[in-house]
Every structure is written in C-alpha cells, then in structure tokens.
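S.K.: So here's upload_1.txt (compact mmCIF, C-alpha atoms).
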# COMPACT_ATOMS: atom_id res chain seq x y z
CA MET A 1 100.72 187.32 77.31
CA LYS A 2 103.63 188.95 79.07
CA SER A 3 102.03 188.92 82.48
CA CYS A 4 100.98 185.33 81.93
CA ASN A 5 104.57 184.36 81.24
CA MET A 6 105.77 186.26 84.26
CA PHE A 7 103.22 184.51 86.38
CA SER A 8 104.22 181.04 85.29
CA ARG A 9 107.86 181.93 85.72
CA CYS A 10 107.27 183.15 89.26
CA LEU A 11 105.26 180.04 89.94
CA ALA A 12 108.05 177.84 88.61
CA ILE A 13 110.59 179.61 90.81
CA GLY A 14 108.26 179.31 93.78
CA LEU A 15 107.84 175.61 93.21
CA LEU A 16 111.56 175.24 92.83
CA LEU A 17 112.18 176.91 96.19
CA ILE A 18 109.60 174.76 97.94
CA SER A 19 110.78 171.50 96.51
CA GLY A 20 114.45 172.41 96.22
CA PRO A 21 115.77 169.77 98.61
CA LEU A 22 113.99 167.03 96.66
CA PHE A 23 115.86 167.91 93.50
CA ALA A 24 119.24 167.78 95.19
CA GLN A 25 119.40 164.00 94.78
CA VAL A 26 122.09 162.92 92.38
CA PRO A 27 121.87 159.52 90.69
CA ASP A 28 124.71 157.09 91.31
CA GLN A 29 125.67 153.73 89.84
CA ALA A 30 123.09 151.83 91.87
CA THR A 31 120.15 154.08 90.95
CA PRO A 32 117.44 152.08 89.20
CA PRO A 33 116.63 153.26 85.65
CA ASP A 34 113.20 154.76 86.35
CA ALA A 35 114.47 156.67 89.39
CA LEU A 36 117.46 157.88 87.35
CA ILE A 37 115.25 159.30 84.60
CA LYS A 38 112.97 160.93 87.12
CA MET A 39 115.85 162.62 88.95
CA VAL A 40 117.55 163.86 85.79
CA VAL A 41 114.37 165.09 84.10
CA THR A 42 113.02 166.79 87.21
CA ASP A 43 116.33 168.49 87.81
CA VAL A 44 116.69 169.69 84.21
CA MET A 45 113.11 170.95 83.99
CA ALA A 46 113.52 172.89 87.21
CA SER A 47 116.78 174.42 86.00
CA VAL A 48 115.26 175.43 82.66
CA LYS A 49 112.13 176.94 84.17
CA ALA A 50 114.08 178.90 86.75
CA ASP A 51 116.48 180.43 84.23
CA ALA A 52 115.33 183.52 82.37
CA GLU A 53 118.35 183.41 80.06
CA ILE A 54 117.48 179.90 78.93
CA GLN A 55 113.87 180.87 78.34
CA LYS A 56 115.07 183.66 76.10
CA GLY A 57 116.82 181.06 73.99
CA ASN A 58 120.42 181.43 75.15
CA ILE A 59 121.56 178.26 73.42
CA PRO A 60 125.16 178.10 74.69
CA LYS A 61 123.82 178.20 78.23
CA ILE A 62 121.38 175.37 77.54
CA VAL A 63 124.07 173.32 75.84
CA ASP A 64 126.16 173.77 78.98
CA LEU A 65 123.25 172.56 81.11
CA VAL A 66 122.70 169.52 78.90
CA GLU A 67 126.42 168.67 78.96
CA LYS A 68 126.48 168.83 82.75
CA LYS A 69 123.16 167.31 83.69
CA ILE A 70 122.18 164.92 80.92
CA VAL A 71 125.23 163.74 79.00
CA PRO A 72 126.78 161.92 82.03
CA TYR A 73 123.80 159.58 82.03
CA THR A 74 123.95 158.76 78.34
CA ASP A 75 126.13 156.46 76.29
CA MET A 76 126.56 158.41 73.07
CA ARG A 77 129.09 156.00 71.64
CA ARG A 78 126.50 153.26 71.86
CA THR A 79 123.89 155.53 70.24
CA THR A 80 126.24 156.25 67.36
CA GLU A 81 127.20 152.59 66.97
CA MET A 82 123.58 151.56 66.74
CA ALA A 83 122.70 154.31 64.29
CA MET A 84 125.67 153.29 62.13
CA GLY A 85 124.88 149.59 62.23
CA PRO A 86 127.20 147.43 60.08
CA ASN A 87 128.89 150.59 58.73
CA TRP A 88 130.43 151.19 62.14
CA LYS A 89 133.14 148.64 61.46
CA LYS A 90 134.05 150.39 58.20
CA ALA A 91 135.04 153.47 60.19
CA THR A 92 138.56 153.83 61.56
CA PRO A 93 138.89 154.37 65.33
CA GLU A 94 139.52 158.09 64.70
CA GLN A 95 136.41 158.30 62.52
CA GLN A 96 134.41 156.48 65.17
CA ALA A 97 135.52 159.02 67.75
CA GLN A 98 134.72 161.90 65.37
CA LEU A 99 131.31 160.49 64.50
CA THR A 100 130.43 159.99 68.15
CA SER A 101 131.43 163.50 69.07
CA GLU A 102 129.76 165.18 66.07
CA PHE A 103 126.54 163.18 66.39
CA LYS A 104 126.51 163.97 70.10
CA ASN A 105 126.83 167.67 69.34
CA LEU A 106 124.02 167.54 66.79
CA LEU A 107 121.72 165.80 69.25
CA ILE A 108 122.65 168.11 72.10
CA ARG A 109 121.90 171.11 69.93
CA THR A 110 118.53 169.73 68.86
CA TYR A 111 117.66 168.77 72.41
CA SER A 112 118.70 172.19 73.66
CA GLY A 113 116.43 173.84 71.13
CA ALA A 114 113.55 171.77 72.44
CA LEU A 115 114.44 172.61 76.05
CA SER A 116 114.45 176.34 75.32
CA GLN A 117 110.78 176.00 74.39
CA LEU A 118 109.82 174.54 77.76
CA ARG A 119 107.33 176.73 79.57
CA ASP A 120 104.55 175.31 81.68
CA GLN A 121 104.99 171.67 80.78
CA THR A 122 104.99 168.91 83.35
CA VAL A 123 106.26 165.37 83.01
CA GLN A 124 104.34 162.30 84.00
CA PHE A 125 106.41 159.22 84.82
CA LYS A 126 104.87 155.87 84.01
CA ALA A 127 105.43 152.77 86.13
CA LEU A 128 108.41 150.73 84.97
CA ARG A 129 107.60 147.36 83.48
CA ALA A 130 110.74 145.29 83.73
CA ALA A 131 112.14 142.21 85.42
CA PRO A 132 114.80 142.80 88.11
CA ASP A 133 117.52 141.12 86.05
CA ASP A 134 116.79 142.98 82.80
CA LYS A 135 119.87 144.49 81.18
CA GLU A 136 117.84 146.78 78.98
CA VAL A 137 114.68 148.70 79.84
CA VAL A 138 112.39 151.38 78.45
CA VAL A 139 111.33 154.12 80.85
CA LYS A 140 108.14 155.79 79.66
CA THR A 141 107.16 159.37 80.31
CA VAL A 142 104.61 161.80 78.91
CA VAL A 143 105.21 165.53 78.60
CA LEU A 144 102.02 167.45 79.29
CA GLY A 145 101.56 171.05 78.39
CA ARG A 146 99.71 173.07 75.85
CA GLY A 147 98.93 170.98 72.81
CA ASP A 148 98.78 167.24 72.65
CA PRO A 149 100.66 165.17 75.22
CA VAL A 150 104.07 164.11 73.94
CA PRO A 151 105.13 160.56 74.80
CA LEU A 152 108.85 160.53 75.52
CA ASP A 153 110.50 157.21 76.28
CA TYR A 154 114.11 156.47 77.18
CA ARG A 155 115.90 153.25 76.36
CA LEU A 156 118.58 152.40 78.90
CA GLU A 157 121.25 149.79 79.13
CA LYS A 158 122.92 148.51 82.26
CA THR A 159 126.65 149.14 82.19
CA ASP A 160 129.48 148.88 84.72
CA LYS A 161 128.96 152.56 85.42
CA GLY A 162 125.25 152.30 86.07
CA TRP A 163 122.29 152.70 83.73
CA LYS A 164 122.92 154.74 80.60
CA VAL A 165 120.42 156.13 78.10
CA TYR A 166 121.30 155.30 74.51
CA ASP A 167 118.05 155.81 72.60
CA MET A 168 114.96 157.96 72.92
CA ASN A 169 111.47 157.64 71.57
CA ILE A 170 109.65 160.86 70.75
CA MET A 171 105.96 160.45 69.91
CA GLY A 172 106.53 156.90 68.75
CA VAL A 173 109.74 157.52 66.84
CA TRP A 174 112.99 155.95 68.00
CA LEU A 175 115.89 158.31 67.44
CA VAL A 176 118.41 155.66 66.41
CA GLU A 177 115.92 154.13 64.00
CA ALA A 178 115.21 157.53 62.46
CA TYR A 179 118.92 158.11 61.80
CA ARG A 180 119.85 154.67 60.48
CA ASN A 181 118.74 155.15 56.89
CA GLN A 182 120.03 158.70 56.80
CA PHE A 183 123.47 157.52 57.92
CA THR A 184 123.48 154.61 55.47
CA ASN A 185 122.50 156.88 52.59
CA GLN A 186 125.10 159.47 53.40
CA ILE A 187 127.78 156.78 53.67
CA SER A 188 126.85 155.10 50.39
CA GLN A 189 126.92 158.49 48.70
CA ASN A 190 130.05 159.98 50.21
CA GLY A 191 131.64 157.36 52.41
CA VAL A 192 132.24 157.49 56.16
CA GLU A 193 134.44 160.52 55.61
CA GLY A 194 131.48 162.23 53.92
CA LEU A 195 129.23 161.60 56.89
CA VAL A 196 131.83 162.99 59.28
CA LYS A 197 132.19 166.08 57.13
CA PHE A 198 128.43 166.49 56.80
CA LEU A 199 127.97 166.40 60.57
CA GLN A 200 130.88 168.78 61.14
CA ASP A 201 129.49 171.29 58.62
CA ARG A 202 125.98 171.06 60.02
CA ASN A 203 127.18 171.60 63.58
CA LYS A 204 129.21 174.65 62.52
CA GLN A 205 126.23 176.02 60.65
CA LEU A 206 123.92 175.51 63.64
CA ALA A 207 126.45 177.06 66.00
CA THR A 208 126.57 180.29 63.98
CA ALA A 209 122.83 180.48 63.25
CA LYS A 210 120.99 183.08 65.25
CA PRO A 211 118.62 181.81 67.92
CA ALA A 212 115.06 181.22 66.75
CA ASN A 213 113.34 183.15 69.53
CA MET B 1 94.77 169.50 42.23
CA LEU B 2 96.89 166.41 42.50
CA CYS B 3 97.47 166.32 38.74
CA MET B 4 98.41 169.96 38.81
CA ALA B 5 100.96 169.35 41.54
CA VAL B 6 102.50 166.49 39.62
CA VAL B 7 102.77 168.53 36.44
CA LEU B 8 104.22 171.47 38.32
CA VAL B 9 106.96 169.53 39.97
CA GLY B 10 107.82 167.25 37.12
CA CYS B 11 110.05 164.37 37.95
CA ALA B 12 112.56 164.45 40.77
CA SER B 13 114.87 161.51 41.07
CA ILE B 14 116.43 159.75 44.00
CA PRO B 15 119.83 161.21 44.82
CA ALA B 16 122.58 158.88 43.61
CA GLY B 17 123.62 156.31 46.18
CA VAL B 18 120.43 156.38 48.21
CA GLU B 19 119.42 152.88 49.21
CA PRO B 20 115.87 152.15 48.10
CA SER B 21 113.62 151.55 51.09
CA PRO B 22 111.32 148.51 50.94
CA HIS B 23 108.50 150.72 52.27
CA ASP B 24 108.94 153.34 49.58
CA PRO B 25 108.79 151.90 46.03
CA TRP B 26 107.49 155.22 44.66
CA GLU B 27 110.34 157.28 46.05
CA PRO B 28 111.06 159.37 42.91
CA PHE B 29 107.41 160.47 42.75
CA ASN B 30 107.24 160.97 46.52
CA ARG B 31 110.38 163.07 46.53
CA SER B 32 108.94 165.41 43.92
CA VAL B 33 105.71 165.87 45.89
CA PHE B 34 107.82 166.38 49.01
CA GLU B 35 109.73 169.18 47.25
CA PHE B 36 106.44 170.74 46.21
CA ASN B 37 105.15 170.63 49.79
CA GLU B 38 108.40 172.06 51.13
CA GLY B 39 108.14 174.97 48.71
CA LEU B 40 104.51 175.55 49.58
CA ASP B 41 105.40 175.56 53.24
CA ALA B 42 108.40 177.85 52.94
CA TYR B 43 106.77 180.42 50.66
CA LEU B 44 103.15 180.36 51.75
CA LEU B 45 102.15 178.49 54.86
CA LYS B 46 105.03 179.34 57.16
CA PRO B 47 104.96 183.09 56.41
CA VAL B 48 101.19 183.11 56.98
CA VAL B 49 101.66 181.34 60.30
CA ALA B 50 104.39 183.82 61.24
CA GLY B 51 101.84 186.58 60.67
CA TYR B 52 99.26 184.70 62.70
CA ARG B 53 101.71 184.48 65.59
CA PHE B 54 102.53 188.17 65.27
CA VAL B 55 98.92 189.34 65.21
CA LEU B 56 97.29 187.09 67.77
CA PRO B 57 98.43 186.90 71.38
CA GLU B 58 99.41 183.50 72.70
CA PHE B 59 96.29 182.95 74.78
CA VAL B 60 94.05 183.50 71.75
CA ARG B 61 96.09 181.02 69.68
CA ASP B 62 95.88 178.56 72.57
CA GLY B 63 92.12 179.07 72.68
CA ILE B 64 91.79 178.38 68.96
CA TYR B 65 93.97 175.31 69.33
CA ASN B 66 91.87 174.05 72.25
CA PHE B 67 88.62 174.66 70.39
CA PHE B 68 89.61 172.49 67.42
CA SER B 69 91.18 169.93 69.73
CA ASN B 70 87.88 169.63 71.61
CA TYR B 71 86.00 169.32 68.34
CA GLY B 72 88.39 166.52 67.36
CA ASP B 73 87.77 164.78 70.69
CA ILE B 74 84.11 164.29 69.74
CA TYR B 75 85.34 162.24 66.78
CA ASN B 76 87.90 160.47 68.95
CA ILE B 77 85.06 159.01 71.03
CA PHE B 78 83.75 157.25 67.94
CA TYR B 79 87.16 156.24 66.60
CA ASN B 80 88.03 154.64 69.92
CA LEU B 81 84.69 152.81 70.04
CA LEU B 82 85.31 151.54 66.50
CA GLN B 83 88.79 150.43 67.55
CA GLY B 84 87.37 148.47 70.48
CA LYS B 85 88.80 150.77 73.13
CA PRO B 86 85.79 151.69 75.31
CA GLY B 87 88.03 152.92 78.11
CA TYR B 88 89.66 155.48 75.83
CA ALA B 89 86.26 156.39 74.37
CA PHE B 90 84.87 157.10 77.84
CA ASN B 91 87.94 159.17 78.66
CA ASP B 92 87.41 161.18 75.45
CA PHE B 93 83.74 161.63 76.30
CA MET B 94 84.68 163.03 79.70
CA ARG B 95 87.18 165.37 78.03
CA VAL B 96 84.49 166.76 75.75
CA ALA B 97 82.02 167.06 78.64
CA VAL B 98 84.49 168.93 80.86
CA ASN B 99 85.99 171.15 78.18
CA THR B 100 82.71 172.07 76.52
CA THR B 101 81.07 173.13 79.78
CA MET B 102 83.67 174.31 82.26
CA GLY B 103 86.18 174.95 79.50
CA LEU B 104 83.79 177.51 77.96
CA GLY B 105 82.87 175.77 74.74
CA GLY B 106 86.26 174.12 74.37
CA PHE B 107 88.42 177.25 74.40
CA ILE B 108 90.11 176.14 77.60
CA ASP B 109 91.49 172.64 78.07
CA LEU B 110 90.80 171.75 81.68
CA ALA B 111 90.69 168.01 81.04
CA THR B 112 94.42 167.55 80.30
CA PRO B 113 95.68 169.10 83.55
CA GLY B 114 92.84 167.24 85.28
CA GLY B 115 94.44 163.96 84.23
CA LEU B 116 92.23 163.06 81.26
CA GLU B 117 94.82 162.32 78.60
CA LYS B 118 94.13 163.15 74.97
CA HIS B 119 94.20 160.35 72.40
CA LYS B 120 94.38 161.61 68.87
CA GLU B 121 92.78 159.17 66.45
CA ASP B 122 91.71 159.17 62.82
CA TRP B 123 90.31 156.84 60.17
CA GLY B 124 93.74 155.66 59.00
CA GLN B 125 94.59 154.49 62.52
CA THR B 126 91.19 152.86 62.85
CA PHE B 127 91.72 150.92 59.62
CA GLY B 128 95.15 149.95 60.94
CA VAL B 129 93.65 148.61 64.18
CA TRP B 130 91.24 146.56 62.06
CA GLY B 131 94.22 144.96 60.40
CA VAL B 132 94.40 146.87 57.12
CA PRO B 133 98.06 146.91 56.04
CA ALA B 134 99.74 150.28 55.51
CA GLY B 135 100.82 149.64 51.92
CA PRO B 136 103.61 151.65 50.31
CA TYR B 137 104.60 155.06 51.61
CA VAL B 138 103.04 158.02 49.79
CA VAL B 139 103.65 161.74 50.08
CA LEU B 140 100.40 163.57 49.40
CA PRO B 141 100.39 167.11 48.06
CA PHE B 142 99.32 169.52 50.85
CA PHE B 143 98.81 166.73 53.41
CA GLY B 144 102.38 165.41 53.49
CA PRO B 145 103.57 161.96 54.64
CA SER B 146 101.04 159.16 54.25
CA ASN B 147 100.65 155.64 52.93
CA VAL B 148 98.02 153.93 50.82
CA ARG B 149 95.85 153.02 53.81
CA ASP B 150 96.14 156.48 55.38
CA THR B 151 95.33 158.12 52.05
CA PHE B 152 91.94 156.42 52.18
CA GLY B 153 91.88 157.39 55.86
CA THR B 154 92.44 161.05 55.00
CA VAL B 155 89.64 160.98 52.45
CA ALA B 156 87.34 159.41 55.04
CA ASP B 157 88.46 162.02 57.61
CA LEU B 158 87.47 164.82 55.26
CA GLU B 159 84.20 163.17 54.20
CA SER B 160 83.11 162.67 57.81
CA ASP B 161 84.27 166.08 59.03
CA TYR B 162 81.29 168.25 59.92
CA LEU B 163 83.12 171.59 59.80
CA PHE B 164 84.72 170.74 56.46
CA LYS B 165 81.81 169.03 54.78
CA TYR B 166 78.49 170.12 56.20
CA VAL B 167 78.73 173.80 57.10
CA LYS B 168 76.33 175.38 54.59
CA ASP B 169 77.81 178.86 54.26
CA VAL B 170 80.76 178.51 51.86
CA GLY B 171 82.60 181.61 53.09
CA LEU B 172 82.34 180.52 56.69
CA ARG B 173 83.36 176.99 55.83
CA ASN B 174 86.45 178.13 53.95
CA SER B 175 87.42 180.49 56.76
CA ILE B 176 87.16 177.69 59.30
CA THR B 177 89.23 175.37 57.12
CA GLY B 178 91.86 178.06 56.61
CA LEU B 179 92.05 178.70 60.32
CA ARG B 180 92.40 174.99 61.01
CA VAL B 181 95.28 174.67 58.56
CA ILE B 182 97.07 177.63 60.13
CA ASN B 183 96.39 176.29 63.62
CA ALA B 184 97.74 172.87 62.68
CA ARG B 185 100.94 174.34 61.20
CA ASN B 186 101.33 176.63 64.19
CA THR B 187 101.54 173.71 66.61
CA TYR B 188 104.88 172.67 65.18
CA TYR B 189 106.19 176.09 64.22
CA GLU B 190 109.29 175.82 66.38
CA ALA B 191 109.63 172.05 66.17
CA GLY B 192 109.78 172.32 62.36
CA ASP B 193 112.91 174.45 62.57
CA LEU B 194 114.47 171.96 64.96
CA LEU B 195 113.75 169.15 62.54
CA ASP B 196 115.43 171.06 59.72
CA GLY B 197 118.55 171.39 61.86
CA ALA B 198 118.56 167.76 62.99
CA ALA B 199 117.90 166.08 59.65
CA ILE B 200 120.67 164.76 57.44
CA ASP B 201 118.18 163.98 54.68
CA LYS B 202 114.84 165.48 55.63
CA TYR B 203 112.90 163.35 53.16
CA SER B 204 114.00 159.99 54.54
CA PHE B 205 113.99 161.31 58.11
CA MET B 206 110.32 162.26 57.80
CA ARG B 207 109.46 159.04 56.01
CA ASP B 208 111.10 156.78 58.57
CA ALA B 209 109.63 158.79 61.42
CA TYR B 210 106.15 158.67 59.89
CA ILE B 211 106.25 154.90 59.38
CA GLN B 212 107.35 154.35 62.98
CA ARG B 213 104.89 156.81 64.42
CA ARG B 214 101.85 155.36 62.67
CA GLN B 215 102.73 151.88 63.86
CA TYR B 216 103.11 153.23 67.38
CA GLN B 217 99.75 154.98 67.24
CA ILE B 218 98.03 151.82 66.01
CA ASN B 219 99.57 149.70 68.77
CA GLU B 220 98.80 152.26 71.45
CA GLY B 221 96.34 151.25 74.12
CA ARG B 222 96.58 147.52 73.52
CA ASP B 223 96.27 145.32 76.57
CA ASP B 224 99.46 143.43 75.83
CA GLU B 225 101.34 146.69 75.71
CA GLU B 226 104.93 145.79 76.49
CA PRO B 227 107.63 148.36 75.90
CA GLN B 228 108.28 147.82 72.23
CA MET B 229 111.91 148.14 71.38
CA PRO B 230 113.28 147.95 67.89
CA VAL B 231 116.01 145.38 67.45
CA TYR B 232 119.10 147.03 66.04
CA GLU B 233 121.82 145.25 64.14
CA ASN B 234 124.61 145.42 66.65
CA PRO B 235 127.96 145.87 64.91
CA TYR B 236 129.61 143.68 67.55
CA GLN B 237 127.28 140.72 67.44
When written as structure tokens, how does the structure in this file appear?

M.R.:
Amino acid sequence: MKSCNMFSRCLAIGLLLISGPLFAQVPDQATPPDALIKMVVTDVMASVKADAEIQKGNIPKIVDLVEKKIVPYTDMRRTTEMAMGPNWKKATPEQQAQLTSEFKNLLIRTYSGALSQLRDQTVQFKALRAAPDDKEVVVKTVVLGRGDPVPLDYRLEKTDKGWKVYDMNIMGVWLVEAYRNQFTNQISQNGVEGLVKFLQDRNKQLATAKPAN
Amino acid sequence: MLCMAVVLVGCASIPAGVEPSPHDPWEPFNRSVFEFNEGLDAYLLKPVVAGYRFVLPEFVRDGIYNFFSNYGDIYNIFYNLLQGKPGYAFNDFMRVAVNTTMGLGGFIDLATPGGLEKHKEDWGQTFGVWGVPAGPYVVLPFFGPSNVRDTFGTVADLESDYLFKYVKDVGLRNSITGLRVINARNTYYEAGDLLDGAAIDKYSFMRDAYIQRRQYQINEGRDDEEPQMPVYENPYQ
C-alpha cells in the first residue's frame, strides 16, 4: 500500500515536471468557459498531487490553495443569492455579506476535504455544447479514478470580469438546488439571523475539528 | 423487519418551521426511519467498515470493490438493453469481457482507464426510463433514500440478484451479502464525513440530492441530451 502510494506520487511529480509549462497558463477575461475550467482544474489537480502535505490532509494548506486558485473564478455572491432565492431580499446588506462569506467558507472547507482525498484520479473534459452568444453555459467533466466515475459539471455565467462559476453539479446534484430547501427551512425556523449564526457556528466547529486522515 | 424498525423508532415529527416538500408527504415517517438508519450507521455499519479498512490493505479493498463492480456490470448490460440503450449495453459488455479476462476475474478494473466508462443502472432507473413516475419520497430502513418506484426497483434488484438469491449455501450467501454491504459503505467512507460537515439539515439535504440524482440518472444517455440546468428563482427578476 505504502509503496503503491509512493509510486503514484512519484509518477504525479514526474508528470508535473514534464508538463509543467502547459500548466503555467493563467485564464484571463477572454478565456472561454471550457478552457477556463480545464486550466483551473488541471492546475489544481497538479498542485494537490505534487504536495505531500496536502495529501496528508493539511486542511489549512488546501484552503489556501482553493482561495488562490479556484475562488477568483467563482462568483460566490451569485451562488448565495440563488441558494437564498426570494429570502435574499429579506436580508440586510450586512447579512448578505455575512451569508456570502460564511457560505463560501463552508463550501471551501467541503471542497478542500474532497481535494485532500485526490490520489490517482484523472479528469476527462467533455466537449462544450453552447452557442457563441450564450451568457450561461454548463461545462461537463468526469472524474475517473478508483470507484465509479464521478460526473462533475460547472455552471458558469458571463460577467464583465470574464466567466465565473456559480453552481456545480456533483453526480447529478446541483449544489444550489441542494441548499435551497435547507436555507429556506433554517430561515423559517430561526430567521435570516439564525441562518447566519448556524453557518458561523458550523464553520467554527469544522475549523477546530481534527483532520479526518 | 420493517415493522420492527417502525416500532423501534416510534414517531418523529417534522421540526417546527420546516416547509413541507411536495415530494415528501410522508416526511414525519421518513424522518423517523432516517434517524433509525443514522443510528444503525453510526453504531454498527461505520465502525465495522472502520475495522475493514484497518484490517485489509487498500489494494485488497480495491480488488473487492472491482469484483462486485464487474458483477454489477453483467446486470448493467441487460438494464441498458431494457432501457433501449444498445450503445451503453455494448460498452458494458466490453467492460465485463476485458475485466473478467485480463482483469483476472474482475479484481482489476482495466476497462475504466481504457476508456470504457461505467454506467451504473438498476431496476428503479429502468422503470423510470419506461415512464413510471417516481411517486412520493420514501426512506427505507437499511436501504436509505428511495421513492415508491425505486422501492419496487429495490425489491426487483434483490429478486434478480444471483449472489443474493440463488447461491445455495446459506453461510456463503450471507458472507457475500455482508461483504457487499461493507464494500458499498466503504466507497463513501470519507465522503460521508464531508456530507455531515456540509449539511445544514442532513435529512432534507439527502432527500433533495436523491431526487435530483435519480432524475439525472434516468435522463442520462438520451440522444437529446442538452446540458440540463435548473431554473432558479432569481431574487432580482
């Protein structure tokens, strides 16, 4: 088991060295959505596989990576708005800012946990089906590794600052959709303030929990 | 068994203020079964799986996973034929052929890295493709999230399952079933913890995810497959 891990790690580092220059591309405002996803995902996967600390489950380090390499290409305010639906307008501007930041932290933490489990997976990028003037597209990918393939799709919106991801589909489940009822329930039980507090408490709790592996 | 579970759990109610979901008219009952399953998982299944992970090295667990996955692919050939997806069925056939021979009886999955994608199917999905509506959401004891259609699907899955139904030796059959349960739980050992951390209300999170996922699986592989995007109520429109 150990030697197997070592082998795949060495292999990942080897691949990284060979293909290093390819990963150096950085998306800009004109990058089309499918190319953007490909660049970001390839870059993040390479960074995760090359980093022994991350593989050991050093969550703060992964969170840092996600903040630097993924968050700039997302629109978390939009994600939060959509998950809140009509309740969004009931929130004061301060609450909206709090909700966005707390929900972002919760998602980053979850995503980081998933990234720490990356080992020998590869990502397959599907051809983009969209018209050139589309303002919203879905970029489809499949994560292959041990176990069943995991379809992972990204929903992007065209903004003034380029394409931004605001929703993800994991194995057929849209993230925003999966949070909508949970948000609504929490708000009808404890109000917007209650949801803010719930997210704050959960994030604190997750931050102090010991890493799983 | 089902009666026993119901008696054991008694009646849980919906937490105050929770909006009833149109898909889930039996929510109080479902929530109590959900609690029962959660307890079963926390106190029995998860600790057993933790032991399984401690005792067996990763490559053995992977081999066991691959073996049952290959066995399932034999069924997937038929499900895909029944769903009118001959292309998928042929792909599944090739997976079985490759993995059973070169993959040493299915213990190694060579087909996936070779580009033959796995399609996991079952009776519930097949009924769905035939146009059978899902019906209300149901949480089954032991099996977890389901709906009326998929409950019949699960029964059909078990009835048509060779290893579960037709292996003569009872001891062997029970051992195989036990191993399959552990193997199935093991595949989301880490993901389960992530879900616990991410969920605000795990019950409705799992329900809404299940409903979406089943619809996705049923639509998968259609010719008119356009990226399906849910339409959200935009607070600004």

S.K.: Could you please select, counting only C-alpha atoms, the residues of chain B within 9 Å of chain A and state them as a ChimeraX atom specification?

M.R.: /B:15-19,21,57-59,62,65-66,69,109,112-113,117-120,187,190-191,193-195,197-202,204-217,226-230,232-236

S.K.: Which polymer residues, protein or nucleic acid, are no farther than 6 Å from (129.6, 159.3, 69.7), counting only C-alpha atoms, as a list of chain:residue names?

M.R.: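 Checked against the point, the hits come out as A:Met76, A:Arg77, A:Thr80, A:Leu99, A:Thr100, A:Ser101, A:Phe103, A:Lys104.
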
S.K.: Grab the atom CA of Ala91 of chain A to atom CA of Glu67 of chain A distance for me, in Å with one decimal place.

M.R.: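 Computing it gives 25.6 Å between the two atoms.
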
S.K.: For Ala134 of chain B, which of B:Asn80, B:Thr177, B:Thr151, B:Asn37 is the closest residue, counting only C-alpha atoms?

M.R.: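 Counting only C-alpha atoms, the residue closest to Ala134 of chain B is B:Thr151.
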
S.K.: Between atom CA of Val165 of chain A and atom CA of Pro33 of chain A, what is the spacing in Å?

M.R.: 8.9 Å

S.K.: Which neighbours of Ile14 of chain B fall inside 9 Å, counting all atoms listed in the file, when residues of the same chain fewer than 6 positions from it are skipped, and could you give them as a PDB file with C-alpha atoms, in the frame of the given file?

M.R.:
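Saved as selection22.pdb:
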ATOM      1  CA  PRO B  20     115.870 152.150  48.100  1.00  0.00           C
ATOM      2  CA  GLU B  27     110.340 157.280  46.050  1.00  0.00           C
ATOM      3  CA  PRO B  28     111.060 159.370  42.910  1.00  0.00           C
ATOM      4  CA  ARG B  31     110.380 163.070  46.530  1.00  0.00           C
TER       5      ARG B  31
END

S.K.: Atom CA of Asp34 of chain A and atom CA of Trp163 of chain A are how many Å apart?

M.R.: 9.7 Å

S.K.: With distances taken over only C-alpha atoms, which of A:Met168, A:Ala30, A:Met45, A:Ala207 is nearest to Val123 of chain A?

M.R.: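 Among the listed residues, the smallest separation from Val123 of chain A belongs to A:Met45.
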
S.K.: Counting all atoms listed in the file, which residue out of B:Ile77, B:Met94, B:Ile218, B:Val181 sits closest to Lys46 of chain B?

M.R.: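 Checking each of B:Ile77, B:Met94, B:Ile218, B:Val181 against Lys46 of chain B, counting all atoms listed in the file, the winner is B:Val181.
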
S.K.: Return the single residue from A:Leu115, A:Thr92, A:Lys161, A:Asn105 that is closest to Asn58 of chain A, with distances computed using only C-alpha atoms.

M.R.: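 Looking at the shortest contact to Asn58 of chain A, the residue is A:Leu115.
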
S.K.: Would you list the contacts of Tyr75 of chain B as a PyMOL selection string, taking every protein, DNA or RNA residue within 9 Å and counting all atoms listed in the file, but skipping same-chain residues closer than 2 positions in sequence?

M.R.: chain B and resi 71-73+77-80+92+121-122+161

S.K.: Of the residues B:Phe90, B:Tyr137, B:Ala50, B:Gly178, which is the one nearest to Pro22 of chain B, using all atoms listed in the file?

M.R.: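 Answer, going by the shortest atom-to-atom distance: B:Tyr137.
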